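Report on one structure; see the data block that follows.
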Amino acid sequence: MPQDLSALTDALLSAAKAAGAEAADAMAVKGTSVSIDVRAGALEQAERSEGIDLGLRVLLGQKQALVSASDTSGDTIREMAERAVAMAAEAPDDPYIGLADPDALATSWDIDALELQDPSPEPDPAALEDDARRAEAAALALPGISQVQSASAGYGRRAVHLATSGGFSGGYARTDRGLSAVAITGTGTGMERDYAGESRIFQADLPSPEEVGKRAAERTLARAGARKPPTGAFPVLYDERISSALIGHLLAAISGSAIARGSSWLRDALGTQVLPAGLSLVEDPHRPRATGSRPFDAEGLPTARRLIVDNGVLQGWTLDLATGRKLGLPSTANAARGTSSPPSPSVTNVALTQGDKPAEALARDMGTGLWVTSMIGASINPTTGDYSRGASGFWVEKGEIAYPVNECTIAGNLRDMLKTLVPGNDARPHLSRVIPSLLVEGLTIAGA
């Protein structure tokens, strides 16, 4: 079969029709990735992968089935269609499945305006290795760094094409270029580590390897001598590096899948205050050079900017077609899928209203509390919003950093936490989630 993705999806739809499918959609994804790891000045690992994956979903009445493969031969495509139709015949009825109405499909878009693909040639592995070596050397150049656990550079390109029997056909490609380093200070039980990592769509936007390596080292050295903080109720400052995780819990709670199941702590919050007045959360799938941008969703619907939270008030759920039908609402064009999974709701790019103070000023306002820079594990009750996570960072006293901390737990309830947010002004605009540092009141810290 030809390797053109549009031709492959057309072949899948034709095979599905010939096998007896009443409706179908098909996805073809072509990916290339290269990663280089350096350690102790020597190449530790080099990997390259490339291939094409196919996914076919067929519908028989209100029954559906999905199959995937990585072989693009004509025989495989025919077998995929026959197997999918046979599986769908045995599947249970689902009254909410179905393709988009033809008049609702995206018909035009300006993919170039999204700037999702760097037109520069794929970087040579030697260039990636040089970047990783330079990042490692920059980290090791700072006194007190005992070793660099890893320094990595990578490149990826992914092209996707979606077609449906309802008349939609469209595709786009995106690239990414990344660089990271993990540095270590101390030895034995006194060992501490931290990292720095950067990723961009365009190579020209990526910070220098020296900057990444130095930042990893500086963060690591700042953690030397970490100990447990006191136990009690204190404010917590979520550093910009990890603050998006807090907003991520809100986004998970308003997913149509969770709302339709009745298993969300925000299931009764539509039209009510979920963030402080003055704060809004906006989704923009058309932001240039952002990794979450896309012109249409995984069901062929046109994407558009929307207010998720306006002036603190929750405006709506995140829906694909099926969850929208369950809730009696239209899709918000937020369907996402892979070649081996059916559509499900997922947000694209989001941005939270920023404040007017840097994180250091928020720490001064906090007085005494915990400045969290990394988190591990999570215990989140999806129904009640009860929240508990392992954390490390810095203990703040009288508005100034007193000492680094580790091995502590922060706990609270997300509904209460989000209503006390005070945002900083340090969100990085190139990220898909543009979320600044966030100060939260009234959390319980379990430390020494």
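How things are named: the first chain in the structure tokens is A, the next is B, and so on; residues count from 1 in each chain; ligands count from 1 in the order shown.
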
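Within the 12 Å cut-off around Gly197 (chain A), using only C-alpha atoms and omitting residues fewer than 6 positions from it on the same chain, the listed residues are A:Ala132, A:Ala135, A:Ser150, A:Ala151, A:Ser152, A:Ala153, A:Gly154, A:Arg177, A:Gly178, A:Leu179, A:Ser180, A:Ala181, A:Val182, A:Ala183, A:Leu206, A:Pro207, A:Ser208, A:Pro209, A:Glu210, A:Glu211, A:Val212, A:Gly213, A:Lys214, A:Arg215, A:Ala216, A:Ala217, A:Arg219, A:Arg241.
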
Residue list (helix (DSSP H, G or I), DSSP) for region 88-297 of chain A, as JSON, numbers by chain: {"A": [88, 89, 90, 102, 103, 104, 111, 112, 113, 114, 125, 126, 127, 128, 129, 130, 131, 132, 133, 134, 135, 136, 137, 138, 139, 140, 188, 189, 190, 203, 204, 205, 209, 210, 211, 212, 213, 214, 215, 216, 217, 218, 219, 220, 221, 222, 243, 244, 245, 246, 247, 248, 249, 250, 251, 252, 253, 256, 257, 258, 259, 260, 261]}

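Shortest separation to Glu22 (chain A) among A:Lys63, A:Arg261, A:Arg305, A:Arg134 occurs at residue A:Lys63, atoms counted being only C-alpha atoms.
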
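Going from CA of Ala159 (chain A) over to CA of Thr175 (chain A), you cover 8.7 Å.
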
Selection: 10 Å around Pro92 (chain A), only C-alpha atoms, excl. self and same-chain fewer than 5 positions, as a ChimeraX atom specification: /A:62-65

Could those selected residues go to a file with N, CA, C and O atoms, as an mmCIF file, in the first residue's frame?
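And here is the file that came out, again01.cif:
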```cif
data_model
loop_
_atom_site.group_PDB
_atom_site.id
_atom_site.type_symbol
_atom_site.label_atom_id
_atom_site.label_comp_id
_atom_site.auth_asym_id
_atom_site.auth_seq_id
_atom_site.Cartn_x
_atom_site.Cartn_y
_atom_site.Cartn_z
ATOM 1 N N GLN A 62 -25.811 0.690 16.931
ATOM 2 C CA GLN A 62 -25.248 1.308 18.136
ATOM 3 C C GLN A 62 -24.166 0.431 18.762
ATOM 4 O O GLN A 62 -23.900 0.504 19.958
ATOM 5 N N LYS A 63 -23.521 -0.366 17.956
ATOM 6 C CA LYS A 63 -22.404 -1.186 18.394
ATOM 7 C C LYS A 63 -21.127 -0.674 17.716
ATOM 8 O O LYS A 63 -21.173 -0.230 16.568
ATOM 9 N N GLN A 64 -20.009 -0.759 18.411
ATOM 10 C CA GLN A 64 -18.762 -0.322 17.804
ATOM 11 C C GLN A 64 -17.622 -1.246 18.218
ATOM 12 O O GLN A 64 -17.686 -1.937 19.235
ATOM 13 N N ALA A 65 -16.575 -1.234 17.406
ATOM 14 C CA ALA A 65 -15.355 -1.968 17.719
ATOM 15 C C ALA A 65 -14.203 -1.230 17.064
ATOM 16 O O ALA A 65 -14.370 -0.530 16.052
#
```

Can you pull out every residue from region 150-308 of chain A that DSSP, working from the backbone, puts in strand (DSSP E or B), and format the result as a PDB file with N, CA and C atoms, in the first residue's frame?
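Below is the file that was written, result_17.pdb:
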```
ATOM      1  N   SER A 150      21.994  11.969  34.229  1.00  0.00           N
ATOM      2  CA  SER A 150      21.705  11.800  32.804  1.00  0.00           C
ATOM      3  C   SER A 150      21.634  13.164  32.147  1.00  0.00           C
ATOM      4  N   ALA A 151      22.016  13.196  30.902  1.00  0.00           N
ATOM      5  CA  ALA A 151      21.824  14.363  30.045  1.00  0.00           C
ATOM      6  C   ALA A 151      21.300  13.829  28.728  1.00  0.00           C
ATOM      7  N   SER A 152      20.171  14.350  28.302  1.00  0.00           N
ATOM      8  CA  SER A 152      19.487  13.769  27.147  1.00  0.00           C
ATOM      9  C   SER A 152      19.047  14.848  26.176  1.00  0.00           C
ATOM     10  N   ALA A 153      19.093  14.493  24.897  1.00  0.00           N
ATOM     11  CA  ALA A 153      18.579  15.358  23.846  1.00  0.00           C
ATOM     12  C   ALA A 153      17.749  14.501  22.902  1.00  0.00           C
ATOM     13  N   GLY A 154      16.680  15.071  22.369  1.00  0.00           N
ATOM     14  CA  GLY A 154      15.820  14.278  21.506  1.00  0.00           C
ATOM     15  C   GLY A 154      15.063  15.107  20.499  1.00  0.00           C
ATOM     16  N   TYR A 155      14.536  14.402  19.519  1.00  0.00           N
ATOM     17  CA  TYR A 155      13.751  15.028  18.456  1.00  0.00           C
ATOM     18  C   TYR A 155      12.627  14.083  18.081  1.00  0.00           C
ATOM     19  N   GLY A 156      11.476  14.652  17.747  1.00  0.00           N
ATOM     20  CA  GLY A 156      10.378  13.822  17.291  1.00  0.00           C
ATOM     21  C   GLY A 156       9.539  14.533  16.245  1.00  0.00           C
ATOM     22  N   ARG A 157       8.964  13.762  15.368  1.00  0.00           N
ATOM     23  CA  ARG A 157       8.010  14.289  14.396  1.00  0.00           C
ATOM     24  C   ARG A 157       6.862  13.296  14.294  1.00  0.00           C
ATOM     25  N   ARG A 158       5.645  13.819  14.329  1.00  0.00           N
ATOM     26  CA  ARG A 158       4.464  12.964  14.292  1.00  0.00           C
ATOM     27  C   ARG A 158       3.451  13.580  13.334  1.00  0.00           C
ATOM     28  N   ALA A 159       3.063  12.801  12.351  1.00  0.00           N
ATOM     29  CA  ALA A 159       2.027  13.230  11.404  1.00  0.00           C
ATOM     30  C   ALA A 159       0.798  12.366  11.618  1.00  0.00           C
ATOM     31  N   VAL A 160      -0.373  12.985  11.585  1.00  0.00           N
ATOM     32  CA  VAL A 160      -1.611  12.255  11.816  1.00  0.00           C
ATOM     33  C   VAL A 160      -2.631  12.634  10.748  1.00  0.00           C
ATOM     34  N   HIS A 161      -3.412  11.658  10.325  1.00  0.00           N
ATOM     35  CA  HIS A 161      -4.502  11.923   9.389  1.00  0.00           C
ATOM     36  C   HIS A 161      -5.735  11.170   9.864  1.00  0.00           C
ATOM     37  N   LEU A 162      -6.859  11.884   9.858  1.00  0.00           N
ATOM     38  CA  LEU A 162      -8.136  11.334  10.291  1.00  0.00           C
ATOM     39  C   LEU A 162      -9.133  11.431   9.148  1.00  0.00           C
ATOM     40  N   ALA A 163      -9.895  10.374   8.954  1.00  0.00           N
ATOM     41  CA  ALA A 163     -10.952  10.388   7.936  1.00  0.00           C
ATOM     42  C   ALA A 163     -12.159   9.632   8.477  1.00  0.00           C
ATOM     43  N   THR A 164     -13.353  10.073   8.096  1.00  0.00           N
ATOM     44  CA  THR A 164     -14.574   9.410   8.530  1.00  0.00           C
ATOM     45  C   THR A 164     -15.461   9.132   7.331  1.00  0.00           C
ATOM     46  N   SER A 169     -11.983  14.563   6.210  1.00  0.00           N
ATOM     47  CA  SER A 169     -10.627  14.098   5.941  1.00  0.00           C
ATOM     48  C   SER A 169      -9.674  15.257   6.225  1.00  0.00           C
ATOM     49  N   GLY A 170      -8.733  15.043   7.109  1.00  0.00           N
ATOM     50  CA  GLY A 170      -7.782  16.111   7.426  1.00  0.00           C
ATOM     51  C   GLY A 170      -6.607  15.582   8.219  1.00  0.00           C
ATOM     52  N   GLY A 171      -5.505  16.293   8.129  1.00  0.00           N
ATOM     53  CA  GLY A 171      -4.317  15.874   8.858  1.00  0.00           C
ATOM     54  C   GLY A 171      -3.367  17.024   9.092  1.00  0.00           C
ATOM     55  N   TYR A 172      -2.385  16.783   9.934  1.00  0.00           N
ATOM     56  CA  TYR A 172      -1.351  17.775  10.223  1.00  0.00           C
ATOM     57  C   TYR A 172      -0.165  17.044  10.843  1.00  0.00           C
ATOM     58  N   ALA A 173       0.938  17.753  10.973  1.00  0.00           N
ATOM     59  CA  ALA A 173       2.144  17.184  11.583  1.00  0.00           C
ATOM     60  C   ALA A 173       2.652  18.144  12.637  1.00  0.00           C
ATOM     61  N   ARG A 174       3.356  17.595  13.629  1.00  0.00           N
ATOM     62  CA  ARG A 174       3.986  18.423  14.644  1.00  0.00           C
ATOM     63  C   ARG A 174       5.375  17.871  14.961  1.00  0.00           C
ATOM     64  N   THR A 175       6.261  18.756  15.358  1.00  0.00           N
ATOM     65  CA  THR A 175       7.606  18.362  15.743  1.00  0.00           C
ATOM     66  C   THR A 175       7.865  18.764  17.182  1.00  0.00           C
ATOM     67  N   ASP A 176       8.867  18.155  17.780  1.00  0.00           N
ATOM     68  CA  ASP A 176       9.306  18.585  19.099  1.00  0.00           C
ATOM     69  C   ASP A 176      10.803  18.339  19.238  1.00  0.00           C
ATOM     70  N   ARG A 177      11.428  19.200  19.989  1.00  0.00           N
ATOM     71  CA  ARG A 177      12.873  19.143  20.216  1.00  0.00           C
ATOM     72  C   ARG A 177      13.104  19.357  21.694  1.00  0.00           C
ATOM     73  N   GLY A 178      13.770  18.406  22.364  1.00  0.00           N
ATOM     74  CA  GLY A 178      13.911  18.473  23.810  1.00  0.00           C
ATOM     75  C   GLY A 178      15.337  18.319  24.292  1.00  0.00           C
ATOM     76  N   LEU A 179      15.584  18.813  25.512  1.00  0.00           N
ATOM     77  CA  LEU A 179      16.901  18.745  26.145  1.00  0.00           C
ATOM     78  C   LEU A 179      16.694  18.739  27.650  1.00  0.00           C
ATOM     79  N   SER A 180      17.388  17.845  28.362  1.00  0.00           N
ATOM     80  CA  SER A 180      17.221  17.769  29.817  1.00  0.00           C
ATOM     81  C   SER A 180      18.497  17.292  30.478  1.00  0.00           C
ATOM     82  N   ALA A 181      18.621  17.577  31.771  1.00  0.00           N
ATOM     83  CA  ALA A 181      19.753  17.118  32.568  1.00  0.00           C
ATOM     84  C   ALA A 181      19.287  16.901  33.996  1.00  0.00           C
ATOM     85  N   VAL A 182      19.828  15.860  34.632  1.00  0.00           N
ATOM     86  CA  VAL A 182      19.547  15.550  36.035  1.00  0.00           C
ATOM     87  C   VAL A 182      20.882  15.540  36.767  1.00  0.00           C
ATOM     88  N   ALA A 183      21.027  16.418  37.742  1.00  0.00           N
ATOM     89  CA  ALA A 183      22.290  16.549  38.472  1.00  0.00           C
ATOM     90  C   ALA A 183      22.137  16.037  39.895  1.00  0.00           C
ATOM     91  N   ILE A 184      23.260  15.632  40.494  1.00  0.00           N
ATOM     92  CA  ILE A 184      23.285  15.070  41.849  1.00  0.00           C
ATOM     93  C   ILE A 184      24.355  15.785  42.659  1.00  0.00           C
ATOM     94  N   THR A 185      24.027  16.060  43.917  1.00  0.00           N
ATOM     95  CA  THR A 185      25.010  16.577  44.858  1.00  0.00           C
ATOM     96  C   THR A 185      25.017  15.700  46.099  1.00  0.00           C
ATOM     97  N   GLU A 192      21.184  14.449  47.040  1.00  0.00           N
ATOM     98  CA  GLU A 192      20.010  15.156  46.546  1.00  0.00           C
ATOM     99  C   GLU A 192      20.147  15.337  45.041  1.00  0.00           C
ATOM    100  N   ARG A 193      19.020  15.437  44.371  1.00  0.00           N
ATOM    101  CA  ARG A 193      19.045  15.612  42.921  1.00  0.00           C
ATOM    102  C   ARG A 193      17.919  16.539  42.486  1.00  0.00           C
ATOM    103  N   ASP A 194      18.131  17.141  41.340  1.00  0.00           N
ATOM    104  CA  ASP A 194      17.084  17.939  40.710  1.00  0.00           C
ATOM    105  C   ASP A 194      17.374  17.959  39.216  1.00  0.00           C
ATOM    106  N   TYR A 195      16.529  18.599  38.482  1.00  0.00           N
ATOM    107  CA  TYR A 195      16.631  18.517  37.025  1.00  0.00           C
ATOM    108  C   TYR A 195      16.256  19.846  36.388  1.00  0.00           C
ATOM    109  N   ALA A 196      16.542  19.937  35.120  1.00  0.00           N
ATOM    110  CA  ALA A 196      16.011  20.998  34.260  1.00  0.00           C
ATOM    111  C   ALA A 196      15.726  20.367  32.917  1.00  0.00           C
ATOM    112  N   GLY A 197      14.630  20.744  32.326  1.00  0.00           N
ATOM    113  CA  GLY A 197      14.271  20.206  31.018  1.00  0.00           C
ATOM    114  C   GLY A 197      13.511  21.230  30.212  1.00  0.00           C
ATOM    115  N   GLU A 198      13.751  21.244  28.940  1.00  0.00           N
ATOM    116  CA  GLU A 198      13.081  22.174  28.038  1.00  0.00           C
ATOM    117  C   GLU A 198      12.658  21.431  26.775  1.00  0.00           C
ATOM    118  N   SER A 199      11.513  21.828  26.251  1.00  0.00           N
ATOM    119  CA  SER A 199      11.010  21.243  25.007  1.00  0.00           C
ATOM    120  C   SER A 199      10.342  22.337  24.191  1.00  0.00           C
ATOM    121  N   ARG A 200      10.592  22.338  22.906  1.00  0.00           N
ATOM    122  CA  ARG A 200       9.994  23.318  22.014  1.00  0.00           C
ATOM    123  C   ARG A 200       9.611  22.643  20.701  1.00  0.00           C
ATOM    124  N   ARG A 227      15.822  18.516  54.713  1.00  0.00           N
ATOM    125  CA  ARG A 227      15.286  17.780  55.859  1.00  0.00           C
ATOM    126  C   ARG A 227      13.774  17.941  55.894  1.00  0.00           C
ATOM    127  N   GLY A 232       1.886  20.408  60.524  1.00  0.00           N
ATOM    128  CA  GLY A 232       0.867  21.362  60.915  1.00  0.00           C
ATOM    129  C   GLY A 232       0.119  21.907  59.720  1.00  0.00           C
ATOM    130  N   ALA A 233      -0.719  22.903  59.959  1.00  0.00           N
ATOM    131  CA  ALA A 233      -1.487  23.552  58.894  1.00  0.00           C
ATOM    132  C   ALA A 233      -0.752  24.823  58.478  1.00  0.00           C
ATOM    133  N   PHE A 234      -0.381  24.881  57.200  1.00  0.00           N
ATOM    134  CA  PHE A 234       0.392  26.008  56.686  1.00  0.00           C
ATOM    135  C   PHE A 234      -0.048  26.313  55.253  1.00  0.00           C
ATOM    136  N   PRO A 235       0.210  27.528  54.773  1.00  0.00           N
ATOM    137  CA  PRO A 235       0.031  27.802  53.351  1.00  0.00           C
ATOM    138  C   PRO A 235       1.107  27.100  52.538  1.00  0.00           C
ATOM    139  N   VAL A 236       0.789  26.829  51.286  1.00  0.00           N
ATOM    140  CA  VAL A 236       1.721  26.151  50.387  1.00  0.00           C
ATOM    141  C   VAL A 236       1.810  26.940  49.080  1.00  0.00           C
ATOM    142  N   LEU A 237       3.024  27.173  48.642  1.00  0.00           N
ATOM    143  CA  LEU A 237       3.276  27.845  47.375  1.00  0.00           C
ATOM    144  C   LEU A 237       3.706  26.796  46.353  1.00  0.00           C
ATOM    145  N   TYR A 238       2.881  26.596  45.336  1.00  0.00           N
ATOM    146  CA  TYR A 238       3.214  25.667  44.257  1.00  0.00           C
ATOM    147  C   TYR A 238       4.064  26.398  43.228  1.00  0.00           C
ATOM    148  N   SER A 255     -14.050  16.691  33.152  1.00  0.00           N
ATOM    149  CA  SER A 255     -14.126  15.838  31.969  1.00  0.00           C
ATOM    150  C   SER A 255     -15.508  15.232  31.858  1.00  0.00           C
ATOM    151  N   GLN A 273     -18.984  29.019  41.857  1.00  0.00           N
ATOM    152  CA  GLN A 273     -17.620  29.506  42.050  1.00  0.00           C
ATOM    153  C   GLN A 273     -16.682  28.337  42.353  1.00  0.00           C
ATOM    154  N   LEU A 281     -10.027  30.651  33.458  1.00  0.00           N
ATOM    155  CA  LEU A 281      -9.250  29.585  32.829  1.00  0.00           C
ATOM    156  C   LEU A 281      -9.759  29.443  31.404  1.00  0.00           C
ATOM    157  N   VAL A 282      -8.872  29.684  30.443  1.00  0.00           N
ATOM    158  CA  VAL A 282      -9.252  29.742  29.037  1.00  0.00           C
ATOM    159  C   VAL A 282      -8.552  28.631  28.255  1.00  0.00           C
ATOM    160  N   GLU A 283      -9.313  27.954  27.419  1.00  0.00           N
ATOM    161  CA  GLU A 283      -8.729  26.977  26.500  1.00  0.00           C
ATOM    162  C   GLU A 283      -8.599  27.617  25.126  1.00  0.00           C
ATOM    163  N   PHE A 296      -8.655  20.675  14.467  1.00  0.00           N
ATOM    164  CA  PHE A 296      -9.890  19.914  14.617  1.00  0.00           C
ATOM    165  C   PHE A 296      -9.647  18.832  15.653  1.00  0.00           C
ATOM    166  N   PRO A 302     -14.532  21.218  14.330  1.00  0.00           N
ATOM    167  CA  PRO A 302     -13.623  22.356  14.406  1.00  0.00           C
ATOM    168  C   PRO A 302     -13.388  22.791  15.846  1.00  0.00           C
ATOM    169  N   ARG A 306     -12.481  28.631  24.177  1.00  0.00           N
ATOM    170  CA  ARG A 306     -13.640  28.611  25.071  1.00  0.00           C
ATOM    171  C   ARG A 306     -13.214  28.971  26.492  1.00  0.00           C
ATOM    172  N   LEU A 307     -14.134  29.563  27.216  1.00  0.00           N
ATOM    173  CA  LEU A 307     -13.931  29.870  28.624  1.00  0.00           C
ATOM    174  C   LEU A 307     -14.348  28.669  29.457  1.00  0.00           C
ATOM    175  N   ILE A 308     -13.398  28.097  30.182  1.00  0.00           N
ATOM    176  CA  ILE A 308     -13.724  26.999  31.088  1.00  0.00           C
ATOM    177  C   ILE A 308     -14.214  27.547  32.420  1.00  0.00           C
TER     178      ILE A 308
END
```

Interatomic distance, CA of Ser331 (chain A) to CA of Leu99 (chain A) (Å, one decimal): 11.6 Å

Show me a table, sorted first by chain and then by increasing residue number, of the residues of region 196-254 of chain A having an atom at most 9 Å from region 384-395 of chain A, each with its shortest atom pair and the distance in Å to one decimal, counting only C-alpha atoms and written as JSON lines.
```
{"residue": "A:Arg223", "atom": "CA", "partner": "A:Gly393", "partner_atom": "CA", "distance": 7.7}
{"residue": "A:Ala226", "atom": "CA", "partner": "A:Phe394", "partner_atom": "CA", "distance": 8.3}
{"residue": "A:Lys228", "atom": "CA", "partner": "A:Ser392", "partner_atom": "CA", "distance": 8.8}
{"residue": "A:Pro229", "atom": "CA", "partner": "A:Trp395", "partner_atom": "CA", "distance": 6.6}
{"residue": "A:Asp239", "atom": "CA", "partner": "A:Gly393", "partner_atom": "CA", "distance": 8.9}
{"residue": "A:His249", "atom": "CA", "partner": "A:Gly385", "partner_atom": "CA", "distance": 8.8}
{"residue": "A:Ala253", "atom": "CA", "partner": "A:Gly385", "partner_atom": "CA", "distance": 8.7}
```

Counting only C-alpha atoms, the option among A:Ala335, A:Leu421, A:Leu54, A:Ala252 closest to Ile380 (chain A): A:Ala252

Spatial neighbours of Leu270 (chain A), max dist 10 Å, only C-alpha atoms, sep filter under 6 positions, as a PyMOL selection string: chain A and resi 254+309+313-317

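Distances to Thr348 (chain A) were evaluated for A:Gly369, A:Gly31, A:Gly292, A:Gly399 using only C-alpha atoms, and the minimum falls at A:Gly292.
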
Residues near Ile445 (chain A), cut-off 6 Å, only C-alpha atoms, skip fewer than 4 positions along chain, as a count of residues only: 4

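As for CA of Thr220 (chain A) and CA of Glu407 (chain A), they are spaced 15.9 Å apart.
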
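Of the listed residues (A:Pro102, A:Pro345, A:Pro404, A:Gly61), A:Pro404 comes nearest to Leu221 (chain A); the distances count only C-alpha atoms.
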